[in-house]
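work.tsv (TSV, C-alpha atoms) appears below.
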chain	number	residue	atom	x	y	z
A	176	MET	CA	103.00	83.29	82.11
A	177	LYS	CA	105.28	86.31	82.43
A	178	TYR	CA	104.27	89.76	83.62
A	179	ARG	CA	106.03	93.10	83.40
A	180	GLN	CA	106.87	94.35	86.89
A	181	VAL	CA	107.28	98.12	87.24
A	182	THR	CA	108.65	99.78	90.39
A	183	VAL	CA	108.82	103.46	91.33
A	184	LYS	CA	110.66	105.00	94.29
A	185	VAL	CA	108.51	107.40	96.32
A	186	SER	CA	108.23	108.94	99.77
A	187	HIS	CA	106.17	107.37	102.55
A	188	ASP	CA	103.37	109.90	102.01
A	189	GLU	CA	103.19	109.11	98.28
A	190	THR	CA	102.66	105.33	98.47
A	191	ASP	CA	98.87	105.44	98.22
A	192	LEU	CA	98.92	107.87	95.32
A	193	ALA	CA	101.52	105.83	93.43
A	194	SER	CA	99.58	102.62	94.05
A	195	TYR	CA	96.40	104.15	92.72
A	196	ALA	CA	98.22	105.50	89.65
A	197	MET	CA	99.52	101.98	88.96
A	198	ILE	CA	96.00	100.52	89.08
A	199	GLU	CA	94.50	103.36	87.04
A	200	ALA	CA	97.17	102.81	84.35
A	201	GLY	CA	96.24	99.12	84.07
A	202	SER	CA	98.32	97.38	86.72
A	203	GLU	CA	96.82	94.12	87.89
A	204	GLY	CA	97.65	94.97	91.49
A	205	ALA	CA	100.14	97.04	93.51
A	206	SER	CA	102.52	96.24	96.35
A	207	VAL	CA	104.40	98.57	98.69
A	208	ALA	CA	107.78	98.09	100.38
A	209	ASP	CA	108.00	100.99	102.81
A	210	GLY	CA	110.98	101.66	105.07
A	211	ALA	CA	108.75	103.77	107.33
A	212	ASP	CA	106.77	100.64	108.22
A	213	VAL	CA	109.95	98.88	109.34
A	214	ARG	CA	111.01	101.96	111.32
A	215	GLU	CA	107.63	102.07	113.06
A	216	VAL	CA	108.04	98.49	114.24
A	217	LEU	CA	111.64	99.00	115.37
A	218	GLU	CA	110.68	102.09	117.38
A	219	ALA	CA	107.94	100.17	119.21
A	220	LYS	CA	110.52	98.81	121.65
A	221	SER	CA	107.95	97.16	123.90
A	222	ASN	CA	107.24	94.71	121.09
A	223	TRP	CA	110.83	93.76	120.22
A	224	ASP	CA	113.63	92.25	122.27
A	225	TYR	CA	116.05	91.43	119.42
A	226	TYR	CA	116.08	92.07	115.71
A	227	ASP	CA	118.36	91.50	112.72
A	228	SER	CA	120.66	94.52	112.31
A	229	SER	CA	120.03	94.39	108.55
A	230	LEU	CA	116.65	95.98	109.30
A	231	ASP	CA	118.41	99.25	110.18
A	232	ALA	CA	119.14	99.86	106.50
A	233	ALA	CA	115.59	99.00	105.49
A	234	ALA	CA	114.18	101.37	108.09
A	235	ASN	CA	116.07	104.29	106.59
A	236	SER	CA	115.18	103.54	102.98
A	237	ALA	CA	112.48	105.12	100.85
A	238	ALA	CA	109.26	103.41	99.79
A	239	TYR	CA	108.93	101.37	96.61
A	240	VAL	CA	105.61	100.81	94.87
A	241	THR	CA	105.39	97.97	92.36
A	242	GLY	CA	102.74	97.31	89.74
A	243	CYS	CA	102.26	94.30	87.50
A	244	PHE	CA	101.30	94.53	83.84
A	245	ASP	CA	100.90	92.15	80.92
A	246	GLU	CA	104.27	91.30	79.40
A	247	ASN	CA	103.44	93.18	76.16
A	248	ALA	CA	101.53	96.08	77.71
A	249	ASP	CA	102.31	99.66	76.72
A	250	ILE	CA	103.24	101.37	80.00
A	251	SER	CA	103.81	104.84	78.57
A	252	GLY	CA	100.58	105.96	80.23
A	253	LEU	CA	101.92	104.91	83.63
A	254	GLU	CA	104.59	107.63	83.68
A	255	ARG	CA	101.94	110.23	82.85
A	256	ALA	CA	99.61	108.91	85.56
A	257	LEU	CA	102.38	108.95	88.16
A	258	CYS	CA	103.40	112.48	87.18
A	259	ASP	CA	99.77	113.62	87.46
A	260	TYR	CA	99.28	112.06	90.89
A	261	LEU	CA	102.70	112.94	92.35
A	262	GLY	CA	103.19	116.30	90.64
A	263	ARG	CA	106.72	115.48	89.48
A	264	ALA	CA	108.71	113.33	87.07
A	265	VAL	CA	109.56	109.79	88.14
A	266	GLU	CA	112.02	107.09	87.13
A	267	LEU	CA	110.68	103.57	86.60
A	268	SER	CA	112.45	100.26	87.08
A	269	VAL	CA	111.08	97.52	84.78
A	270	SER	CA	111.62	93.75	84.92
A	271	LEU	CA	109.80	90.52	84.08
A	272	CYS	CA	108.32	88.29	86.76
A	273	ASP	CA	106.40	85.04	86.93
A	274	SER	CA	102.66	85.51	87.50
A	275	ALA	CA	102.49	82.74	90.11
A	276	ASP	CA	105.00	84.58	92.32
A	277	TRP	CA	103.11	87.87	92.00
A	278	GLU	CA	99.67	86.42	92.64
A	279	ASN	CA	100.67	84.62	95.85
A	280	GLU	CA	103.23	86.93	97.48
A	281	TRP	CA	100.70	89.52	98.71
A	282	LYS	CA	98.60	86.89	100.49
A	283	LYS	CA	101.19	86.77	103.28
A	284	TYR	CA	100.27	90.29	104.34
A	285	TYR	CA	96.47	90.02	104.30
A	286	ARG	CA	94.48	89.96	107.54
A	287	PRO	CA	90.79	89.95	108.53
A	288	LEU	CA	89.37	93.49	108.55
A	289	ASP	CA	86.69	94.46	111.06
A	290	PHE	CA	84.23	97.13	109.88
A	291	GLY	CA	81.93	97.07	112.88
A	292	ARG	CA	78.82	95.34	111.55
A	293	LEU	CA	80.78	92.83	109.50
A	294	VAL	CA	84.30	91.51	108.95
A	295	VAL	CA	86.14	90.92	105.66
A	296	VAL	CA	88.10	87.65	105.68
A	297	PRO	CA	90.40	86.19	103.01
A	298	LYS	CA	89.19	82.73	102.11
A	299	TRP	CA	92.45	81.09	103.20
A	300	MET	CA	91.85	82.43	106.74
A	301	ASP	CA	88.19	81.38	107.03
A	302	GLY	CA	86.97	80.36	110.46
A	303	GLU	CA	84.36	81.09	113.12
A	304	MET	CA	83.55	84.80	113.49
A	305	SER	CA	81.44	86.63	116.06
A	306	LYS	CA	79.71	88.72	113.37
A	307	PRO	CA	78.68	88.40	109.72
A	308	LYS	CA	81.66	87.90	107.43
A	309	ILE	CA	82.53	88.48	103.80
A	310	LEU	CA	84.84	85.84	102.40
A	311	ILE	CA	87.03	87.34	99.71
A	312	ASP	CA	89.45	85.94	97.17
A	313	PRO	CA	90.31	89.15	95.32
A	314	GLY	CA	92.98	87.59	93.13
A	315	MET	CA	94.09	90.33	90.75
A	316	ALA	CA	90.88	92.44	90.92
A	317	PHE	CA	90.82	95.70	92.87
A	318	GLY	CA	88.87	95.56	96.12
A	319	THR	CA	90.14	93.77	99.21
A	320	GLY	CA	89.04	96.16	101.95
A	321	LEU	CA	92.64	97.14	102.68
A	322	HIS	CA	92.51	100.38	100.72
A	323	GLU	CA	91.05	103.44	102.44
A	324	SER	CA	88.60	104.08	99.59
A	325	THR	CA	87.08	100.60	99.91
A	326	GLY	CA	87.03	100.74	103.69
A	327	MET	CA	85.23	104.09	103.73
A	328	CYS	CA	82.60	102.74	101.35
A	329	ILE	CA	81.92	99.83	103.69
A	330	LYS	CA	81.68	102.19	106.67
A	331	LEU	CA	79.18	104.43	104.88
A	332	LEU	CA	77.23	101.40	103.68
A	333	ALA	CA	77.05	99.98	107.20
A	334	GLY	CA	75.37	103.19	108.34
A	335	LEU	CA	72.40	102.73	105.98
A	336	ASP	CA	69.23	100.72	106.49
A	337	LEU	CA	69.47	98.29	103.59
A	338	GLN	CA	66.56	96.02	104.43
A	339	GLY	CA	64.61	95.36	101.24
A	340	LYS	CA	66.73	97.81	99.23
A	341	THR	CA	67.94	97.45	95.64
A	342	VAL	CA	71.66	98.13	95.15
A	343	LEU	CA	73.80	98.87	92.08
A	344	ASP	CA	77.58	98.34	92.36
A	345	VAL	CA	79.22	100.26	89.49
A	346	GLY	CA	82.84	99.33	88.76
A	347	CYS	CA	82.47	96.43	91.16
A	348	GLY	CA	86.08	95.14	91.04
A	349	SER	CA	86.16	92.11	93.32
A	350	GLY	CA	82.49	92.59	94.24
A	351	ILE	CA	83.29	93.30	97.90
A	352	LEU	CA	80.98	96.32	98.23
A	353	GLY	CA	77.91	94.75	96.68
A	354	ILE	CA	78.50	91.60	98.70
A	355	ALA	CA	78.70	93.76	101.83
A	356	ALA	CA	75.34	95.30	100.89
A	357	LEU	CA	73.76	91.85	100.53
A	358	LYS	CA	75.24	90.73	103.84
A	359	LEU	CA	73.79	93.85	105.47
A	360	GLY	CA	70.27	93.02	104.32
A	361	ALA	CA	69.86	94.40	100.78
A	362	LYS	CA	67.16	92.64	98.77
A	363	SER	CA	69.30	92.50	95.62
A	364	CYS	CA	72.46	93.88	94.04
A	365	THR	CA	73.47	94.25	90.42
A	366	PHE	CA	77.22	94.28	89.77
A	367	ILE	CA	78.71	96.03	86.73
A	368	ASP	CA	82.33	96.33	85.59
A	369	ILE	CA	83.97	96.99	82.25
A	370	ASP	CA	86.83	94.59	83.11
A	371	ALA	CA	86.15	90.93	82.32
A	372	GLN	CA	88.58	89.86	85.04
A	373	ALA	CA	86.63	91.87	87.62
A	374	VAL	CA	83.39	90.26	86.45
A	375	ASP	CA	84.93	86.80	86.90
A	376	ALA	CA	86.28	87.75	90.34
A	377	THR	CA	82.88	89.06	91.43
A	378	ARG	CA	81.10	85.89	90.34
A	379	SER	CA	83.70	83.81	92.17
A	380	ASN	CA	83.36	85.85	95.37
A	381	LEU	CA	79.56	85.70	95.24
A	382	ALA	CA	79.76	81.91	95.03
A	383	LEU	CA	82.30	81.86	97.86
A	384	ASN	CA	79.74	83.62	100.06
A	385	GLY	CA	76.82	81.47	98.95
A	386	LEU	CA	75.15	84.39	97.14
A	387	THR	CA	73.61	84.85	93.70
A	388	ALA	CA	73.23	88.14	91.84
A	389	GLU	CA	73.24	89.67	88.38
A	390	VAL	CA	76.78	90.45	87.19
A	391	ILE	CA	77.16	92.50	83.99
A	392	GLU	CA	80.24	93.19	81.90
A	393	GLY	CA	79.70	96.72	80.61
A	394	ASP	CA	80.49	100.42	80.86
A	395	LEU	CA	79.25	102.09	84.05
A	396	ALA	CA	75.44	102.24	84.30
A	397	GLU	CA	74.71	101.99	80.58
A	398	LYS	CA	73.56	98.36	80.71
A	399	TYR	CA	71.48	98.72	83.87
A	400	ASN	CA	67.75	99.11	83.26
A	401	GLY	CA	66.53	99.21	86.85
A	402	VAL	CA	66.19	101.85	89.55
A	403	ALA	CA	68.49	101.52	92.56
A	404	ASP	CA	67.91	102.60	96.12
A	405	VAL	CA	71.68	102.64	96.68
A	406	VAL	CA	74.49	103.12	94.14
A	407	LEU	CA	78.03	102.11	95.07
A	408	ALA	CA	80.74	103.82	93.01
A	409	ASN	CA	84.33	103.32	94.20
A	410	LEU	CA	86.03	104.70	91.10
A	411	THR	CA	88.16	107.79	90.40
A	412	ALA	CA	87.26	111.48	90.36
A	413	ASP	CA	87.10	111.71	86.56
A	414	ILE	CA	85.00	108.57	86.17
A	415	LEU	CA	82.67	109.66	88.97
A	416	LEU	CA	82.10	112.95	87.17
A	417	ARG	CA	81.33	111.11	83.92
A	418	LEU	CA	78.96	108.81	85.78
A	419	ARG	CA	77.07	111.74	87.31
A	420	ASP	CA	74.86	112.38	84.27
A	421	ALA	CA	73.81	108.72	84.08
A	422	LEU	CA	72.69	108.46	87.71
A	423	PRO	CA	69.32	110.29	87.59
A	424	ALA	CA	68.01	107.62	85.19
A	425	VAL	CA	68.87	104.76	87.58
A	426	THR	CA	67.94	106.38	90.92
A	427	ARG	CA	64.83	107.88	92.50
A	428	HIS	CA	64.00	110.52	95.12
A	429	GLY	CA	65.58	109.32	98.35
A	430	SER	CA	68.19	107.08	96.70
A	431	SER	CA	71.72	107.16	98.10
A	432	VAL	CA	75.01	107.29	96.19
A	433	ILE	CA	78.27	106.29	97.87
A	434	ALA	CA	81.11	107.82	95.86
A	435	SER	CA	84.72	106.99	96.73
A	436	GLY	CA	88.19	106.65	95.23
A	437	ILE	CA	88.58	110.45	95.35
A	438	ILE	CA	91.99	111.95	96.10
A	439	ASN	CA	91.87	115.01	98.33
A	440	ASP	CA	92.86	117.40	95.54
A	441	ARG	CA	89.81	116.38	93.48
A	442	ALA	CA	87.22	116.19	96.26
A	443	ASP	CA	85.83	119.69	95.65
A	444	ASP	CA	85.51	118.97	91.91
A	445	VAL	CA	83.46	115.85	92.54
A	446	LEU	CA	81.29	117.49	95.17
A	447	ARG	CA	80.51	120.46	92.92
A	448	GLY	CA	79.78	118.15	90.01
A	449	TYR	CA	77.18	116.26	92.02
A	450	THR	CA	75.55	119.04	94.01
A	451	ALA	CA	75.72	122.19	91.84
A	452	ASP	CA	72.29	121.69	90.25
A	453	GLY	CA	70.63	120.45	93.44
A	454	ALA	CA	70.03	116.91	92.14
A	455	PHE	CA	72.17	115.46	94.95
A	456	VAL	CA	72.99	116.71	98.43
A	457	LEU	CA	75.95	115.78	100.60
A	458	GLU	CA	74.88	113.79	103.66
A	459	THR	CA	78.19	112.45	104.99
A	460	ALA	CA	81.86	112.95	104.06
A	461	LEU	CA	84.73	110.75	105.19
A	462	ARG	CA	88.45	111.36	104.82
A	463	GLU	CA	91.29	108.94	105.45
A	464	GLY	CA	94.83	109.84	104.45
A	465	GLU	CA	94.88	111.02	100.84
A	466	TRP	CA	91.35	109.81	100.11
A	467	GLN	CA	87.76	110.96	100.54
A	468	ALA	CA	84.34	109.34	100.20
A	469	PHE	CA	80.88	110.91	100.05
A	470	LEU	CA	77.38	109.72	100.91
A	471	LEU	CA	75.06	111.68	98.63
A	472	GLY	CA	71.27	111.77	98.70
A	473	ARG	CA	69.11	112.06	95.55
A	474	LYS	CA	66.62	114.92	95.79

Would you mind writing the file out in structure tokens?
Amino acid sequence: MKYRQVTVKVSHDETDLASYAMIEAGSEGASVADGADVREVLEAKSNWDYYDSSLDAAANSAAYVTGCFDENADISGLERALCDYLGRAVELSVSLCDSADWENEWKKYYRPLDFGRLVVVPKWMDGEMSKPKILIDPGMAFGTGLHESTGMCIKLLAGLDLQGKTVLDVGCGSGILGIAALKLGAKSCTFIDIDAQAVDATRSNLALNGLTAEVIEGDLAEKYNGVADVVLANLTADILLRLRDALPAVTRHGSSVIASGIINDRADDVLRGYTADGAFVLETALREGEWQAFLLGRK
């Protein structure tokens, strides 16, 4: 099966924003080739004795962010998303690629990620660990632990007492956050995502970790009839603001909401949207690079 591969040239500081724009516009993943990463390695002289001189050119080049779309997808929305995130016009390079190449290439760069109380491990690197582990096979669904927004969610989650708690993972992607909650002692977790591929990935990752849970294909919290002690929402600023009005019906006094996927420029908007009427209060805020995450308490 063929996919449409779209690449945009950006600066080092814009790689995260461009990657997120790709995913928001419908890309089934994003990869980054960044000359600054090569330069960082070359300048760490204690780690290198010899290197191929061809790396000099790569070290001085810009960064390139590549997304992958269905062969017949309309990518007109991608240019708008990139312009919104980057604040300028961009030029796209488009080509066709084989899905097998795309789906396997990124695996070479994955590594186990240690989040203190647990470690996230790709299934092809499974082995003995000194702490609880999450095995993940994210495939083409968003949520590997590599992105700052996902990592901050796990850090906030690890700071909660989840024993006996009921969790709702909205926009679950690969299921990594809800699985983390279950590994950290949650009694149950319901996973919801509007994307059928994400639902399949979540079910697969649950099975990979020997877990069972309810997984729903649907829009945000509309198909959830329970009341959650903890809501996980690693989305975007606009979707988080739309979700806000649905949360009082699925939470109670003392419930926690972990909201992430928020670019710095939209953080104040999200915080005002959640706290202006006093229904939620900010308990913890994290910031990494261009991204922020909030732990909010239901009053």

message: If we count all atoms listed in the file and set the cut-off at 8 Å, which residues sit around Ala356 in chain A, ignoring sequence neighbours fewer than 3 positions away in its own chain? Please answer as number ranges by chain.
response: A: 332, 337, 342, 352-353, 359-361, 364

Can you write out the residues you just picked, keeping C-alpha atoms, as a PDB file, keeping the file's coordinate frame?
ATOM      1  CA  LEU A 332      77.230 101.400 103.680  1.00  0.00           C
ATOM      2  CA  LEU A 337      69.470  98.290 103.590  1.00  0.00           C
ATOM      3  CA  VAL A 342      71.660  98.130  95.150  1.00  0.00           C
ATOM      4  CA  LEU A 352      80.980  96.320  98.230  1.00  0.00           C
ATOM      5  CA  GLY A 353      77.910  94.750  96.680  1.00  0.00           C
ATOM      6  CA  LEU A 359      73.790  93.850 105.470  1.00  0.00           C
ATOM      7  CA  GLY A 360      70.270  93.020 104.320  1.00  0.00           C
ATOM      8  CA  ALA A 361      69.860  94.400 100.780  1.00  0.00           C
ATOM      9  CA  CYS A 364      72.460  93.880  94.040  1.00  0.00           C
TER      10      CYS A 364
END

Find the residues with any atom within 9 Å of (63.2, 110.0, 94.6); use all atoms listed in the file and the coordinates as given in the file, and write the answer as JSON, numbers by chain. {"A": [404, 426, 427, 428, 429, 430, 473, 474]}

Same residues, C-alpha atoms, output as a PDB file, in the coordinates of the input:
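Result file is selection_30.pdb:
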ATOM      1  CA  ASP A 404      67.910 102.600  96.120  1.00  0.00           C
ATOM      2  CA  THR A 426      67.940 106.380  90.920  1.00  0.00           C
ATOM      3  CA  ARG A 427      64.830 107.880  92.500  1.00  0.00           C
ATOM      4  CA  HIS A 428      64.000 110.520  95.120  1.00  0.00           C
ATOM      5  CA  GLY A 429      65.580 109.320  98.350  1.00  0.00           C
ATOM      6  CA  SER A 430      68.190 107.080  96.700  1.00  0.00           C
ATOM      7  CA  ARG A 473      69.110 112.060  95.550  1.00  0.00           C
ATOM      8  CA  LYS A 474      66.620 114.920  95.790  1.00  0.00           C
TER       9      LYS A 474
END

May I have the residues within 12 Å of Asp452 in chain A as a compact mmCIF listing (two decimals) with C-alpha atoms, keeping the file's coordinate frame, using only C-alpha atoms and disregarding those fewer than 3 positions away in the same chain?
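part_17.txt written:
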# COMPACT_ATOMS: atom_id res chain seq x y z
CA ARG A 419 77.07 111.74 87.31
CA ASP A 420 74.86 112.38 84.27
CA LEU A 446 81.29 117.49 95.17
CA ARG A 447 80.51 120.46 92.92
CA GLY A 448 79.78 118.15 90.01
CA TYR A 449 77.18 116.26 92.02
CA PHE A 455 72.17 115.46 94.95
CA VAL A 456 72.99 116.71 98.43
CA ARG A 473 69.11 112.06 95.55
CA LYS A 474 66.62 114.92 95.79

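Within 7 Å of the file-frame point (67.8, 99.0, 93.3), and using only C-alpha atoms, the polymer residues found are Lys340, Thr341, Val342, Leu343, Cys364, Gly401, Val402, Ala403, Asp404 and Val405 of chain A.
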
Residue with the minimum atom-to-atom distance to Glu392 in chain A, picked from A:Gly334, A:Gly339, A:Gly302, A:Gly346 with all atoms listed in the file counted, is A:Gly346

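Across the model, the gap from CA of Ala408 in chain A to CA of Cys243 in chain A is 24.2 Å.
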
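If you look at CA of Thr190 in chain A and CA of Ala208 in chain A, they are 9.1 Å away from each other.
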
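Between Val295 in chain A and the candidates A:Cys347, A:Leu192, A:Ala248, A:Ile309, the tightest atom-to-atom separation, counting only C-alpha atoms, involves A:Ile309.
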
Interface rows for range 286-362 of chain A against range 367-391 of chain A: nearest pair, Å to one decimal, 12 Å, only C-alpha atoms, as a tab-separated table:
residue	atom	partner	partner_atom	distance
A:Val295	CA	A:Asn384	CA	11.2
A:Val296	CA	A:Asn384	CA	10.8
A:Pro297	CA	A:Asn380	CA	10.4
A:Lys298	CA	A:Leu383	CA	8.1
A:Trp299	CA	A:Leu383	CA	11.5
A:Asp301	CA	A:Leu383	CA	10.9
A:Pro307	CA	A:Asn384	CA	10.8
A:Lys308	CA	A:Asn384	CA	8.7
A:Ile309	CA	A:Asn384	CA	6.7
A:Leu310	CA	A:Asn384	CA	6.0
A:Ile311	CA	A:Asn380	CA	5.9
A:Asp312	CA	A:Asn380	CA	6.4
A:Pro313	CA	A:Ala376	CA	6.6
A:Gly314	CA	A:Ala376	CA	7.3
A:Met315	CA	A:Gln372	CA	7.9
A:Ala316	CA	A:Ala373	CA	5.4
A:Phe317	CA	A:Ala373	CA	7.7
A:Gly318	CA	A:Ala373	CA	9.5
A:Thr319	CA	A:Asn380	CA	11.1
A:Thr341	CA	A:Ala388	CA	11.4
A:Val342	CA	A:Ala388	CA	10.6
A:Leu343	CA	A:Ile367	CA	7.8
A:Asp344	CA	A:Ile367	CA	6.2
A:Val345	CA	A:Ile367	CA	5.1
A:Gly346	CA	A:Asp368	CA	4.4
A:Cys347	CA	A:Asp368	CA	5.6
A:Gly348	CA	A:Ala373	CA	4.8
A:Ser349	CA	A:Thr377	CA	4.9
A:Gly350	CA	A:Thr377	CA	4.5
A:Ile351	CA	A:Thr377	CA	7.7
A:Leu352	CA	A:Thr377	CA	10.1
A:Gly353	CA	A:Thr377	CA	9.2
A:Ile354	CA	A:Leu381	CA	6.9
A:Ala355	CA	A:Asn384	CA	10.3
A:Ala356	CA	A:Leu386	CA	11.5
A:Leu357	CA	A:Leu386	CA	8.3
A:Lys358	CA	A:Asn384	CA	9.2
A:Ala361	CA	A:Ala388	CA	11.4
A:Lys362	CA	A:Ala388	CA	10.3

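The spacing separating CA of Ala200 in chain A from CA of Tyr399 in chain A amounts to 26.0 Å.
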
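With distances taken over all atoms listed in the file, A:Val207 is the one residue among A:Ala451, A:Val207, A:Leu271, A:Ala421 lying closest to Ala237 in chain A.
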
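Of the residues listed (A:Ile329, A:Ala460, A:Ala264, A:Ala468), A:Ala468 shows the shortest atom-to-atom separation from Ala434 in chain A; distances use all atoms listed in the file.
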
Using only C-alpha atoms, the best pick from A:Tyr178, A:Phe244, A:Tyr195, A:Phe290 as closest to Lys306 in chain A would be A:Phe290

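Proximity to Leu471 in chain A was assessed for A:Lys398, A:Leu288, A:Ile438, A:Val432 counting all atoms listed in the file; the smallest distance is recorded for A:Val432.
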